[in-house]
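Report on the following structure.
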Amino acid sequence: MTEIPTSRHSAFQVLTGLFSLPAGARIGAGPMIAAVVLVLIVLASILAPLYVPYDPLAMNAMARLRPPSDEFLLGTDPYGRDIFSRVMTGGRVSLLIGIGAAVVSVAVGLIIGLVAGFFRAADGIIMRIMDSLMAIPAILLAIALVALNGPSLGSVIIAITIPEVPRVVRLVRSVVLSAREEPYVEAAIALGSSMPKILIQHLMPNTLAPLIVQGTYICASAILIEAILSFLGAGVSTEVPTWGNIMAEGRSYFQLKPGLIFWPGLLLSLCILCINLLGDTARDLLDPRMKKREG
Amino acid sequence: MEFKSKDFTDKQRVLKIRRLKVGLTGRPAAQPVLNEIDLDIRAGETHCLVGESGSGKSVTSLATMGLLPKDALEVQGGLIDLEGFEITNATPNQMRELRARRIAMIFQEPMTALNPVLRVGEQIEEVLNMHTDLSQSEAKKRTLDIMEQVHLPDVERVYSAFPHQLSGGQRQRIMIAMALVLDPDLLIADEPTTALDVTTQLQILKLIAEMQERHGTAVLFITHDMGVVAEIADTVSVMQKGRIVERAPIRELLTNPQEDYTRKLLEAVPNLAPRPPRSEAAAEDVLTVDRLDKTYGGGGWFRKSEGVHAAQDVTFTIAAGRTLGIVGESGSGKSTVARCIMRLIDPTGGEVRVAGTEISQLSRRQLQPHRKHLQIVFQDPYRSLNPRWTVARSLCEGPINFGTPKDEAMTRAAELMELVDLPRDALDRYPHQFSGGQRQRIAIARAVAMQPDLLVADEAVSALDVSVQAQVLELLEDVQKRFGIAMLFITHDLRVAAQICDEVVVMQKGQVVEQGPAGAVLSDPRHPYTRSLIEAAPGRHWDFANFRALSGAPTAQGATA
Amino acid sequence: MFGYILKRLLATIPVLLIVAIFVFLLLRLTPGDPAAILAGDAATPAQLERIRDRLGLNDPLYIQFFTWFGQMLKGDLGTSLISNTDVVSMVADRLGPTINIAVMTIVISVLLAVPMGVIAAWRHRTWVDFLVMSFSVLGFSVPVFVIGYILIQIFAIELRWVPVQGYASPSDGIGAFFSRAILPSLTLATIYVALIARMTRASMLEVLGEDYVRTARAKGVRENVVLFRHALRNAAVPILTIIGTGFALLISGVVVTESVFNVPGIGRLTVDAILARDYPVIQAMILLTAGIYVLVNLLVDISYSFFDPRIRY
Amino acid sequence: QEDEVTLTAVMHSGLRVLDPVITTAHITRNHGYMVYDVLTAVDENFEPQPQMADWEVSEDGLTYTFTLRDGLMFHDGAPVTGADVVASLERWGERDSGGQLIFDVTESLEATDDSTVVWTLTEPFAPLMDVISKQSAVPPFIMPARVAETSADETITEYVGSGPFVFNEDEYEPGVSVTYEKFDDYVPREEEPSWMAGGKVVNVDRVVWTTMPDNLTAMNALAAGEIDYLEQVQIDLMPILESAPGAVVEMRDPLGYVTIGRPNFLHPPFDNKQIRQAALAALGQEEMLATMQGDPEYYKVCGAIFGCSTPLGDEAGADIVTGGPDPERSKELLEEAGYDGTPIVLMAPTDVVSLVNQPVVAAQALREGGFEVELQSMDWQSVVQRRAQQAPIGEGGWNLFFTNWMVPEVSDPLINVMVNGRGDDAWFGWPEDTEIEQMRSEFVAAETPEEQKEIAVRIQEHVMDNVNYIMMGEYLIPQARREAVQNMIQSPVPVFWNLTKEAE
Ligand SMILES: Nc1ncnc2c1ncn2[C@@H]1O[C@H](COP(=O)(O)OP(=O)(O)OP(=O)(O)O)[C@@H](O)[C@H]1O
Ligand SMILES: Nc1ncnc2c1ncn2[C@@H]1O[C@H](COP(=O)(O)OP(=O)(O)OP(=O)(O)O)[C@@H](O)[C@H]1O
Ligand SMILES: [Mg+2]
Ligand SMILES: [Mg+2]
């Protein structure tokens, strides 16, 4: 007997499919290229210290703003530091910020969201607080937080994370709220499973797919926000090169020495492009509603 | 029973399908979805297309409408000829011209088939605006006129209503009005009544017949309900796995089916006559429901809202090894009662006593030890198992919660698989790797694993094909016999109720209107509501399984031969 | 409906209250001393102390909070510690440019993004879809200030179509306003277009699979009518939602574009105030932006019922 | 009204504080010169000249008599009287460090009639005229008495002066833009203008100051002719203007700025003189200046703590910083001092363009010189607050920060706050330096310029040895204007009288 799969379980099929790529799963060339490019950028960034020609912090006041040459592949910045070395090394921290912000906000949001989704009593208060956090403009909050803690890597990640958490909480909560109406959850209640068990074993896995998607977006936007924070003078210290602060330092030179913005910008945009593309693909594949049309 | 028996051979042929082949887009080598279909419908004829789920009924209708989802399905051969016009080669514009004028369609779900954000009158009128040059006021007049024809009340008001403000039956009437407003030659109806109550279904079937009479329309009617077929068909095609395996005039098909498949299909249709009562062993009561009340909602910050009285004053008992059925139309409160008993929701009043314990007031924590006495099987086999869990894990969840060691639970799970007639090695598979019927078996196994005293089955077979339905019902009986479980069986299908229940409770608008032994209630209903339910059951005079009229039915077999 | 709006408005009170307390505490924990910026580089500790006293910065925290809060309830947001001007009038001066540009951005974004998203969904998995999606992902991937610089370079410096910077209010002449507001709006719109186009596409894809779309086609309705009359209205709710929540992004973008294009709006005011620790101004600004955000989203929620009659409050 | 001439100027910072007495911010001082007038002012030779008043000094140097010239009038039409002058000087005396010194020896300050003010001292104060004629940081601007009676810890709320421009309160947007109208009743002096002295003849009708948060935007706006004047040009960006027709880049302020580092004397390791000297050795002016400015035309290696082109400037003992970094010497000194590797907390502001580079370059150089450095990034406000903390390093203290001064703000031992050695009462860093205090008293008492110079040189030598602060050199910031704007006065303070603007 053939059966048309309902949306619910196809989400799961696709999720397992995402990792094992069963026959028939169609992932276009775009996402494949994106994945390859992303992996290349990540590797190039992680391995940067092994191959960059200069210490990314070494200054040379007498060799400022040099044009690209054999000596300096992409030229030098206003401190006379090698742009190539800085850009390649800069990826490490930018990616760290992206991934860090994504992981932290997803983890924190997941916990709060599960609690809010499950404990009616806590829900009201938690959601009011989340609404409030969401209402505060992210950038302003970030500037204030960075001013509070000083612009260290950690505080930039925290500053980016805090406004993202409410979004994750809302997502998790809505998934929990709808999943808890599922017959299989009711069946679990009937089977005498305790609330924490239902929460963790039945409900939490449902949040995985949307969280993966959400995580990619947070990752991408964190890298961008880091750049904007640097632009506003509230970014990571210049001693720690990131794509964001390289661009911010180079912003005055946009017309005269576009390379200062172009190269980090290119890598940053490529990276975000790839992450977004993969996120979109994951979304198309994971979102049961997206599948409906084909199913 | 009276069948339609008009001869159409002299009528004009409206639809002619020949050797139609539909397959997955871009994969001509794959197993086709429709394989060499032939179909003829003549003016005024009602042709029914029956067959199990997934046999290709809907795809046939969509192909005829030129509405196949382009990126998934495509016509790979054959022709569809609509009064001399070849549909398979038509351009989108030609197709658009054709639709609504010459060929129209009604879909199953009146709920979703109407655009929720547009007024229903506008939706009908849109057809006129698209295809005619009528002025605004003329179009509106025509619209109101057709709405009158489909017996909508208070058409002026309904005209400017949104779909959600109408009942299911009214919505389906709107769909019909929309389909027929331009007087098409062919009407395709894909399960137009499946989502409706029996009583509403009867009205809609009558309406279609009436409209057909009036306009001489040819109708291609898709259904899986043999009762409906018996009521309305002139001719029938039976589909299986993308082929038409048998076609015949209705009487011939019901009395003398040629194909095994057809025969099987008919045999699986449960009989509306109650089965003979089972001996009433003096068993103790497992479930006692006393003056149960449930009101949804109410309260609210600013105003006290009224709340829905979903169940009022419901009282009944079930003894071990017996089955009590609750029947009634949609929204009558059946599920509410079941969920109160299961304590998935908290009753607002009354008592529920399971295996001697009053559970309606217990807290979650206090309730926990009593959970193993009562289990439930839900309607939707796709959603009642966690798709991420293996069958084994689902089967062990309950016993482990009550302290059974893991390996013991696993051994027991394996036994249960045998009990529900599934291979042991299926334990490591995931729900999506099973068919709907198999999944429902797993759900039953999961419930039985707890060795409950009471099993609640809320529409447990309603989502299944008749043939599968029969198997699952059999399994339930078997399990009940073996473990002496008391069963609360909820259904809106009187045929099913007649075949499985010892006692029946009839609910309407949250209240019990009639209750008693199944035989008494179903063959000699006292309450007008029960009576109307039974009268509305399509094909109720026919004993499908035995290819003959029901004995003792008012109209005898052969009366209209 | 009225009851609902009232209820929602009341519900914003706790939200804004939490925002107020949160921001107040956050600011007082942040290092920085407005007295020091006021007095300049050469001030002596005694002078600073006296100025702090004057500004009330030496009072216990809760007294500062209740003083501020009490005044706020009376509609008095205080005076700037630095410039000594009334915060309300300061904010009022700066609100116009931001709001005008924000509105223009939203209009541009919706006009561009919605058709883009609709067409992408309609031509799902074709090159059109690919193009639209690539553009929208790209709009998401380039920092706002870079987009701003590029637009200035092309339209103001190379082509000389519009001025490099500045702001003129519509009352100074529509031409003057548009020529200066267009680049900042476009800059801001890139993110917004990306966001809306993406959501439109997703929502449309979902809706296009619905039965009533099939019904419409079965009626012989023209494709553009199917898309825009039948599908789009049903897809509207998530699109509206994203316009509402995306507003937060817009506010973030405003901070940057106002710098790049030298627009005297509230974004810059807030950043300047934060960097100068001008507490009354920061508090007022964050409350204001939070209030606007909440209000915009309330409007969005109310507008749902305009698009979808099933939603009634 | 049509041929009204408006000059649009982009200033280095937004005007937020309108009280030129309460703050030392340059933009507010510049605002002061627009709206207010001063009694006397130094000219380009650092010579005090009469502006609102002539003065006479008694033989014993104890009595100064000021006579207001005729025709002085506030913007509200009231004449300027001696009472206004007294009130203004008294308020200023509470805020200005030089003023405080004078008031310490003041017996009386009174208006004897509407146009005469007599200032009587208890002991002679030779530099009195220099102090009240100074250009920075806080010159004594003359306000109406009712305004000047505002407490010196509170900002004034009425902005009426007697200067050549009238402040337009309606069009003032704090931090964004400020508009000044020509004061038609202002009577300029007859003399040629020289710095803040001489005739202030206004040739435009309105001056609008705006700020642009983005340097590049400001440059492009000037290139496109959208603005008339740009106070500060980022050197690296000058090529943008070089190719723009109608734009001129030039120097206005020949003295320029100094950039300095200030160690904290309270905590290790900079409580140790040898370690301070090591830092001095590790740093090199050229490296830092080149990074800040790029083009050598716009910076000057200069070891004179009072500025290389000022009368008191002298480079005695400065080769240690002017001669380039000497990491070896630094290491030796650290070795001798027994430096234990405690990291130096170096505060690095991220949001003030002119202060971003120094800490970064310094951190690198100090590390090479054997120091452990912890570069702590923060916004300027945090620096401002933190540098006032005397707490130990672990509790929010600091070791080193950098800042800039205009040369006239450091040009003598009374004005230059960094040579104050009064411990807790000294400027941030709090050196307890009795020797330097002694020399400063001698300086006040000195009677001739030669004597003053000799003391200044001793202070210079002392500062180089004791490392009261680290002089990192001088730099210049060019300005840019449209060609149509001409006749701008050459001076450290940008002023808008005298200049003319032709139609473009
Ligand atoms: N969009 C599609 N893409 C791929 N296969 C499809 C698609 N739609 C239907 N099919 C396949 O075509 C076959 C026939 O489906 P169809 O919907 O016609 O069945 P049906 O007889 O109408 O069943 P039901 O009674 O459940 O409505 C099924 O095997 C189904 O899997
Ligand atoms: N959670 C709920 N909140 C409010 N009203 C509800 C809720 N669940 C059900 N109802 C209402 O209670 C009434 C009874 O619903 P119930 O689900 O018990 O009917 P039913 O007989 O099971 O119908 P069906 O055959 O369609 O399953 C209906 O009017 C329904 O709208
Ligand atoms: Mg079907
Ligand atoms: Mg039900």
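Labels used: A, B, ... for chains in the order of the structure tokens, numbers from 1 for residues in each chain, and numbers from 1 for ligands as shown.
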field: Exercise answer, chain B residues close to chain A, 7 Å and only C-alpha atoms, as number ranges by chain
entry: B: 54, 72, 344, 368, 371-372, 375, 378, 383-388, 398, 401, 432, 435
Protein and nucleic residues near ligand 1, 9 Å, only C-alpha atoms and all ligand atoms, as a PyMOL selection string: (chain A and resi 1-5+293-295) or (chain B and resi 22-25+32-34+49-62+68-73+108+190-191+222-224+239-242+465)
message: To check your reading of the model: which residues sit at most 9 Å from ligand 2 when counting only C-alpha atoms and all ligand atoms? Write the answer as a PyMOL selection string.
response: chain B and resi 197+294-297+307-311+326-339+345+458-459+490-492+507-510
task: Write down, as a ChimeraX atom specification, each residue of chain C that has any atom within 7 Å of an atom of chain A, counting only C-alpha atoms.
output: /C:15-16,18-19,29-31,137-138,141-143,205-206,209,248,251-252,274,286,290,293-294
Within 6 Å of chain C, which residues of chain D show up? Give each one with its shortest atom-to-atom distance in Å (one decimal) and the two atoms involved, counting only C-alpha atoms, rows by chain then rising residue number, as JSON lines.
```
{"residue": "D:Arg16", "atom": "CA", "partner": "C:Ser83", "partner_atom": "CA", "distance": 4.7}
{"residue": "D:Val17", "atom": "CA", "partner": "C:Ser83", "partner_atom": "CA", "distance": 4.8}
{"residue": "D:Ile22", "atom": "CA", "partner": "C:Ala39", "partner_atom": "CA", "distance": 5.8}
{"residue": "D:Thr23", "atom": "CA", "partner": "C:Ala39", "partner_atom": "CA", "distance": 4.3}
{"residue": "D:Thr24", "atom": "CA", "partner": "C:Gly40", "partner_atom": "CA", "distance": 4.8}
{"residue": "D:Ala25", "atom": "CA", "partner": "C:Gly40", "partner_atom": "CA", "distance": 5.6}
{"residue": "D:Asp153", "atom": "CA", "partner": "C:Ile51", "partner_atom": "CA", "distance": 5.3}
{"residue": "D:Met212", "atom": "CA", "partner": "C:Asn262", "partner_atom": "CA", "distance": 5.7}
{"residue": "D:Pro213", "atom": "CA", "partner": "C:Ser259", "partner_atom": "CA", "distance": 5.4}
{"residue": "D:Asp214", "atom": "CA", "partner": "C:Val260", "partner_atom": "CA", "distance": 5.9}
{"residue": "D:Ala221", "atom": "CA", "partner": "C:Val164", "partner_atom": "CA", "distance": 5.8}
{"residue": "D:Gln381", "atom": "CA", "partner": "C:Gly32", "partner_atom": "CA", "distance": 5.1}
{"residue": "D:Ser382", "atom": "CA", "partner": "C:Gly32", "partner_atom": "CA", "distance": 4.8}
{"residue": "D:Gln385", "atom": "CA", "partner": "C:Gly32", "partner_atom": "CA", "distance": 4.8}
```
Selection from above, all heavy atoms, as a short mmCIF file (atom, residue, chain, number, x, y, z; two decimals), in the first residue's frame, can you write it?
```cif
data_model
loop_
_atom_site.label_atom_id
_atom_site.label_comp_id
_atom_site.auth_asym_id
_atom_site.auth_seq_id
_atom_site.Cartn_x
_atom_site.Cartn_y
_atom_site.Cartn_z
N ARG D 16 27.94 70.65 22.19
CA ARG D 16 26.90 70.17 23.11
C ARG D 16 26.82 71.02 24.36
O ARG D 16 25.77 71.17 24.94
CB ARG D 16 27.19 68.73 23.53
CG ARG D 16 27.02 67.75 22.41
CD ARG D 16 27.01 66.33 22.94
NE ARG D 16 26.87 65.40 21.83
CZ ARG D 16 27.86 65.08 21.03
NH1 ARG D 16 29.06 65.58 21.23
NH2 ARG D 16 27.67 64.26 20.02
N VAL D 17 27.97 71.55 24.77
CA VAL D 17 27.97 72.36 25.98
C VAL D 17 28.12 73.81 25.55
O VAL D 17 29.06 74.15 24.83
CB VAL D 17 29.13 71.94 26.90
CG1 VAL D 17 29.05 72.69 28.21
CG2 VAL D 17 29.09 70.45 27.14
N ILE D 22 32.49 76.35 31.92
CA ILE D 22 32.42 75.11 32.69
C ILE D 22 33.26 74.00 32.08
O ILE D 22 33.69 73.07 32.75
CB ILE D 22 30.95 74.65 32.86
CG1 ILE D 22 30.84 73.74 34.08
CG2 ILE D 22 30.44 73.94 31.63
CD1 ILE D 22 29.44 73.60 34.59
N THR D 23 33.50 74.06 30.77
CA THR D 23 34.24 72.98 30.14
C THR D 23 35.47 73.50 29.42
O THR D 23 35.54 74.69 29.06
CB THR D 23 33.35 72.22 29.13
OG1 THR D 23 34.11 71.15 28.57
CG2 THR D 23 32.89 73.13 28.00
N THR D 24 36.43 72.59 29.20
CA THR D 24 37.61 72.97 28.44
C THR D 24 37.50 72.50 26.99
O THR D 24 38.45 72.62 26.24
CB THR D 24 38.87 72.36 29.06
OG1 THR D 24 38.64 70.96 29.22
CG2 THR D 24 39.19 72.98 30.39
N ALA D 25 36.35 71.92 26.63
CA ALA D 25 36.23 71.37 25.28
C ALA D 25 36.51 72.45 24.23
O ALA D 25 35.99 73.57 24.32
CB ALA D 25 34.83 70.79 25.08
N ASP D 153 29.53 75.59 38.99
CA ASP D 153 29.37 74.15 38.78
C ASP D 153 28.12 73.84 37.97
O ASP D 153 27.76 72.69 37.77
CB ASP D 153 29.26 73.45 40.14
CG ASP D 153 30.49 73.74 40.98
OD1 ASP D 153 31.60 73.73 40.42
OD2 ASP D 153 30.32 73.99 42.19
N MET D 212 30.08 66.13 11.08
CA MET D 212 29.82 64.92 10.31
C MET D 212 30.55 63.80 10.99
O MET D 212 31.76 63.84 11.16
CB MET D 212 30.31 65.10 8.88
CG MET D 212 29.46 66.10 8.15
SD MET D 212 29.63 65.99 6.40
CE MET D 212 28.73 67.46 5.92
N PRO D 213 29.80 62.79 11.37
CA PRO D 213 30.42 61.71 12.13
C PRO D 213 31.41 60.93 11.28
O PRO D 213 32.23 60.20 11.81
CB PRO D 213 29.25 60.85 12.57
CG PRO D 213 28.08 61.27 11.77
CD PRO D 213 28.35 62.63 11.24
N ASP D 214 31.30 61.04 9.99
CA ASP D 214 32.16 60.23 9.15
C ASP D 214 33.11 61.14 8.36
O ASP D 214 32.67 61.99 7.59
CB ASP D 214 31.27 59.43 8.19
CG ASP D 214 32.03 58.30 7.54
OD1 ASP D 214 32.89 58.58 6.67
OD2 ASP D 214 31.78 57.16 7.92
N ALA D 221 31.75 65.81 0.92
CA ALA D 221 30.84 66.94 0.90
C ALA D 221 31.58 68.21 0.51
O ALA D 221 31.08 69.03 -0.26
CB ALA D 221 30.18 67.10 2.27
N GLN D 381 34.77 57.65 26.86
CA GLN D 381 34.13 57.94 28.14
C GLN D 381 34.65 57.05 29.26
O GLN D 381 34.82 57.47 30.39
CB GLN D 381 32.62 57.77 28.01
CG GLN D 381 31.88 59.05 27.93
CD GLN D 381 32.33 60.00 29.02
OE1 GLN D 381 32.07 59.78 30.19
NE2 GLN D 381 33.03 61.04 28.64
N SER D 382 34.88 55.79 28.91
CA SER D 382 35.39 54.88 29.92
C SER D 382 36.80 55.30 30.32
O SER D 382 37.17 55.22 31.49
CB SER D 382 35.40 53.45 29.41
OG SER D 382 34.10 53.07 29.06
N GLN D 385 36.54 58.21 32.63
CA GLN D 385 36.15 57.86 33.99
C GLN D 385 37.26 57.09 34.69
O GLN D 385 37.58 57.33 35.85
CB GLN D 385 34.89 57.02 33.97
CG GLN D 385 34.26 56.94 35.34
CD GLN D 385 33.99 55.52 35.78
OE1 GLN D 385 34.41 54.58 35.10
NE2 GLN D 385 33.33 55.37 36.89
#
```
message: Please identify all residues of chain D having at least one atom at most 9 Å from any atom of chain A, considering only C-alpha atoms, and return them as JSON, numbers by chain.
response: {"D": [214, 215, 216, 217, 234, 236, 237, 239, 240, 286, 287, 288, 289, 290, 291, 292, 294, 348, 349, 350, 351, 352, 357, 360, 361, 364, 375, 376, 377, 378, 379, 381, 382]}
query: What residues in chain C lie within 10 Å of chain B, counting only C-alpha atoms, written as a VMD selection string?
result: chain C and resid 3 to 4 7 124 to 125 209 to 223 229 to 231 233 to 234 305 to 311
query: Got a sec to tell me which of region 102-176 of chain D DSSP assigns to strand (DSSP E), as a ChimeraX atom specification?
result: /D:106-113,116-121,141-142,165-173
message: So that I can see what lies close to Thr112 (chain D), please list as a list in words the residues with an atom at most 12 Å from it, counting only C-alpha atoms and leaving out residues fewer than 2 positions away in the same chain.
response: Thr65, Phe66, Thr67, Leu68, Thr81, Gly82, Ala83, Val85, Val86, Ser108, Leu109, Glu110, Asp114, Ser115, Thr116, Val117, Val118 and Trp119 of chain D
message: Give me, as an MDAnalysis selection string, the residues of region 189-263 of chain C that a backbone DSSP run labels alpha helix (DSSP H).
response: chainID C and resid 189:208 211:218 223:225 232:260
task: Using only C-alpha atoms and all ligand atoms, pick whichever of B:Glu351, B:Glu125, B:Asp7, B:Asp380 has the shortest atom-to-atom distance to ligand 4.
output: B:Asp380
